[in-house]
Each structure stands twice: as C-alpha cells, then as structure tokens.
Amino acid sequence: MKRDPYNHKERWESWKTKACQNEISGVSSTNSKIILQYLLDMEMGLNVSSVSSKGPRSPIRLNTLREKLIFLVKHFEERFELYDLTQLSEEQLLCLFADLNSGSILNKSGKKYLSIVTYSKIIKAFWHWHQKRSKKQGIIVPDVTADLDSFYEKPKWVYLNEQQVWKVINSARYDYRALFSFQVDSGIRSPTELINVKVSDLYKQCKEVEIRHEAAKKGSFGRRIKLMLSSELLQEHIQRNQLESNDYLFDIRPQSVNKYLKRLTVKLFGDEVSEAGKKFSEISMYDLRHIACCYWLPRYKSESALKYRFGWKKSDKIHYYSEFLGMRDTIAEEDLLVDVTKTELEQRMIKLERESQLLKEKLENVEKSLSIIDKLTIELEKQVA
C-alpha cells in the first residue's frame, strides 16, 4: 500500500462526505451542487475534456481542484453576484483574472497571488467539463475561457552547486546525512516516492534501488537505478537503526525534514538568493531533486538514460529541473572536425601505419643481409690470412 504523507485521500473523503451531507460552506446552494458534481465526475473520470488525460483524478488532484475552484467561485459571487457558475460570462472571467494578475486581489498575507496559471487551468478544465456535459444534453455552450491566458511561468527554486550540496550533506546530523545523500544520488521524488522505499528495495549492498511502480507518481514509471554516492551511508543507516527487510528506509515527517534543511542551509550559506531565484531559507526536499538533476546531467552520456533515472518520459523535464545550471562548455578542437574529415584522417593514419610497417620490415631485411655480409667478410679474411 502506497503511503500518503499529506493524507490527501483521507482529506478528500472527509470533505466529500461533509459536502454531500451539508453542501459546501461559503457558496450558494446552486454553486455547491455544481462544484460537487464536477468533482464527483472527476473522481470517476467522467466528462473529461478531449484535450485532457483520461481516467479518474487522484485525491491530490481532487483536493487541488476543490480548493482553487471554491476560491474562484467565492470571488465570482462576491464581485458579480454570480450564484450559478455555469452562467459565467467572458467579461466576468477576464476581469477577475486581470485583478489577480495585477495584485488588486491579495492573499491572506497581503501579498500577490503566485502561480495564477494554476487557477486559470482549473477554471478552463471546469468549463470544458460543463461544455461536454451540456453537449450530451443537446446544448451547445460557448467557450468563455478561450482568451484566458494560461501561460506557465516556471516557479523559482533553490540551487546548490556540488560543493554546497556536499557541504550540506557532510554538515548534517548523522540521521539526516544518509537521507540527503540518497536524495541527491537517486533524484527520487520527495516525499511521495521517498517515503515508500523499503529496505527490501535495495540490492547489491545498497548499490541499487528499485522505485516500485505503485510508488511512482502518476504518469511516471517504476525503475531500478544504480546508487553511486550513498551506498555506504545507507548501509550504516540500516545497521544503526536496526531496520528489517520490510521496514521503510526513511520513516520521516516531511515538514520536520524541510524545517531542518532550511535551518542548516541558512547556517552554512546565509539567506542569499540562489542562482535559481529562491532564497536559501526557502529550500525543501523538492529542491534536492532539481539539484540532483544538475549533478547528473553532465555525467550521463545519453538523454534517455538520464530520463530513466528520474522517471521522466519527456525530454523537456531535463531543462525544467536543471535550467542547465552548473553545466560547462566541453567542446574540444577535435569536435570541430566533421565526420567526413575525421574518416579521411583515420584512413590516412591507417595507410601511414601500413607504410611504416613495410619500411620497418625492409629495414629488418637489410640489417639481416648486412649481418650475413659481415660474417662472410670475416670468413674470407680468415682464409686469406
């Protein structure tokens, strides 16, 4: 059974039960029914847009959908008295998102909302569901979300170079040292894949680890990869904690680990802004996957092998996670030679080697002949004497 560190499934089931019994608090009765119907359909994989992936949505996704959609509905009701979301107009939609983008609407901390594209994608997904559901009833609904910007701006993250990440690992408390080195070594998703690794998933004296398919993220895959940096620390960790084969390798609380990692990183490097845009005080286990990608990118000879290690199917993930930070230009003079030129030179080299070998053989024959002549000369001199 896959462990759920943030209790997404429990939270979803609890919310669903309450919503079905008492409606959704803070929104109109009509909107409550619409939101609930949408989420129940998504849970089953019903009326999914033709451009979206098929199948039921996970509890993680369902929780995100309900939180963001309820947020938007509350603002539509407050600003436009829109108590039926299916009556949303294009003007109302674009007006609300313009205010979100400009900072006219602030979060509870008084700051501008980040990742507004997430809200944009969710309202688009909802509306496309509404269109598809209505079409089944013979009603054609125009797409009011067509002009809504869904440009995705990559979030900033915390980058540590090789010297910095090893300083963090070596300065960490002993119980965290094996954890951090394993994360950088494997590039494993934290905490979802990480907390589901068992001792029995390690092979060849902790030199290989299997990330089981059931523990992998949806859209990813199970994989067995080599561990090149953390084997010894893992063996010591297992012995020190007397872990058995069926025990989880790291039984951690993600919040506690992140808190310790932040504190340690700031202690070592201050609270400067890293090359990837975020301050060192904002580091989390998720950033260690980015850092691992930067570490392994120049070391792998093939892109497909790197994608396999990290559980990726698409090549664009490599740039997403690394932004090519820490890369060096490795061009050499021999790389300037095109394949044809290199082939010609190689052929010439082979010809020269053959000619050299022939000359060597001729020289050896001459030396043998001279040796025979010397012997004959000596014999003649003896006879004359």
# chains A, B, ... in the order shown; residues from 1 in each chain; ligands from 1

$ select_by_dssp --residues "region 9-154 of chain A" --states "helix (DSSP H, G or I)" --output "JSON, numbers by chain"
{"A": [9, 10, 11, 12, 13, 14, 15, 16, 17, 18, 19, 20, 21, 22, 29, 30, 31, 32, 33, 34, 35, 36, 37, 38, 39, 40, 41, 42, 43, 44, 59, 60, 61, 62, 63, 64, 65, 66, 67, 68, 69, 70, 71, 72, 73, 74, 75, 76, 77, 78, 79, 80, 85, 86, 87, 90, 91, 92, 93, 94, 95, 96, 97, 98, 99, 100, 101, 102, 116, 117, 118, 119, 120, 121, 122, 123, 124, 125, 126, 127, 128, 129, 130, 131, 132, 133, 134, 135, 136]}

$ residues_around --residues "region 92-99 of chain A" --least-positions-apart "2" --cutoff "8 Å" --atoms "only C-alpha atoms" --output "short mmCIF file (atom, residue, chain, number, x, y, z; two decimals) with C-alpha atoms, in the first residue's frame"
data_model
loop_
_atom_site.label_atom_id
_atom_site.label_comp_id
_atom_site.auth_asym_id
_atom_site.auth_seq_id
_atom_site.Cartn_x
_atom_site.Cartn_y
_atom_site.Cartn_z
CA HIS A 75 -14.88 35.78 -5.68
CA PHE A 76 -17.39 35.48 -8.54
CA PHE A 80 -20.59 39.80 -9.64
CA LEU A 88 -20.24 32.89 -16.12
CA SER A 89 -19.52 35.44 -18.85
CA GLU A 90 -16.23 36.03 -20.62
CA ASN A 101 -2.57 39.30 -12.13
CA SER A 102 -2.30 42.99 -11.23
CA GLY A 103 -2.29 42.37 -7.49
CA SER A 104 -5.62 44.09 -6.83
CA ILE A 105 -6.66 40.89 -5.08
CA SER A 120 -6.56 29.59 -15.00
CA VAL A 144 -15.78 31.71 -22.38
CA THR A 145 -12.25 30.67 -21.36
CA LEU A 148 -7.89 33.39 -20.75
#

$ residues_around --residues "Ile318 (chain A)" --least-positions-apart "6" --cutoff "12 Å" --atoms "only C-alpha atoms" --output "ChimeraX atom specification"
/A:289-298,300,302-312,324-325

$ select_by_dssp --residues "region 90-317 of chain A" --states "strand (DSSP E or B)" --output "MDAnalysis selection string"
chainID A and resid 106 112 157 198 202:203 208:211 223:226 248 273 277 279

$ residues_around --residues "Val141 (chain A)" --least-positions-apart "2" --cutoff "12 Å" --atoms "only C-alpha atoms" --output "list of chain:residue names"
A:Thr86, A:Gln87, A:Leu88, A:Ser89, A:Trp127, A:His128, A:Trp129, A:His130, A:Gln131, A:Lys132, A:Arg133, A:Ser134, A:Lys135, A:Lys136, A:Gln137, A:Gly138, A:Ile139, A:Asp143, A:Val144, A:Thr145

$ write_last_selection --atoms "C-alpha atoms" --output "short mmCIF file (atom, residue, chain, number, x, y, z; two decimals), in the first residue's frame"
data_model
loop_
_atom_site.label_atom_id
_atom_site.label_comp_id
_atom_site.auth_asym_id
_atom_site.auth_seq_id
_atom_site.Cartn_x
_atom_site.Cartn_y
_atom_site.Cartn_z
CA THR A 86 -22.48 27.90 -15.41
CA GLN A 87 -23.76 31.42 -16.23
CA LEU A 88 -20.24 32.89 -16.12
CA SER A 89 -19.52 35.44 -18.85
CA TRP A 127 -15.69 24.96 -18.20
CA HIS A 128 -14.70 22.28 -20.70
CA TRP A 129 -16.39 19.73 -18.42
CA HIS A 130 -19.51 21.93 -18.41
CA GLN A 131 -19.40 22.16 -22.22
CA LYS A 132 -19.06 18.40 -22.68
CA ARG A 133 -21.81 17.63 -20.17
CA SER A 134 -24.16 20.16 -21.78
CA LYS A 135 -23.44 18.82 -25.27
CA LYS A 136 -24.68 15.38 -24.17
CA GLN A 137 -27.99 17.11 -23.36
CA GLY A 138 -28.08 18.76 -26.78
CA ILE A 139 -26.99 22.18 -25.51
CA ASP A 143 -16.07 28.59 -24.56
CA VAL A 144 -15.78 31.71 -22.38
CA THR A 145 -12.25 30.67 -21.36
#

$ closest_residue --among "A:Val73, A:Leu179, A:Leu261, A:Val266" --to "Leu234 (chain A)" --atoms "only C-alpha atoms"
A:Leu179

$ residues_around --residues "Asp41 (chain A)" --least-positions-apart "6" --cutoff "10 Å" --atoms "only C-alpha atoms" --output "PyMOL selection string"
chain A and resi 35+47-48+56-57+129

$ atom_distance --atom1 "CA of Pro191 (chain A)" --atom2 "CA of Lys314 (chain A)"
21.7 Å

$ closest_residue --among "A:Asn161, A:Ser28, A:Thr64, A:Ser53" --to "Glu78 (chain A)" --atoms "only C-alpha atoms"
A:Ser28

$ residues_around --residues "Lys217 (chain A)" --least-positions-apart "3" --cutoff "8 Å" --atoms "only C-alpha atoms" --output "ChimeraX atom specification"
/A:192-193,220-221

$ write_last_selection --atoms "C-alpha atoms" --output "PDB file, in the first residue's frame"
ATOM      1  CA  THR A 192       5.965  10.712  -2.288  1.00  0.00           C
ATOM      2  CA  GLU A 193       8.396   8.154  -3.729  1.00  0.00           C
ATOM      3  CA  SER A 220       5.869   8.178 -14.329  1.00  0.00           C
ATOM      4  CA  PHE A 221       7.064   4.579 -14.015  1.00  0.00           C
TER       5      PHE A 221
END

$ closest_residue --among "A:Lys167, A:Glu162, A:Gln242, A:Gln347" --to "Met327 (chain A)" --atoms "only C-alpha atoms"
A:Glu162

$ closest_residue --among "A:Ala146, A:Tyr83, A:Asn7, A:Val158" --to "Val273 (chain A)" --atoms "only C-alpha atoms"
A:Val158

$ atom_distance --atom1 "CA of Arg189 (chain A)" --atom2 "CA of Ser52 (chain A)"
23.7 Å

$ residues_around --residues "Asp251 (chain A)" --least-positions-apart "2" --cutoff "9 Å" --atoms "only C-alpha atoms" --output "PyMOL selection string"
chain A and resi 195-196+247-249+253
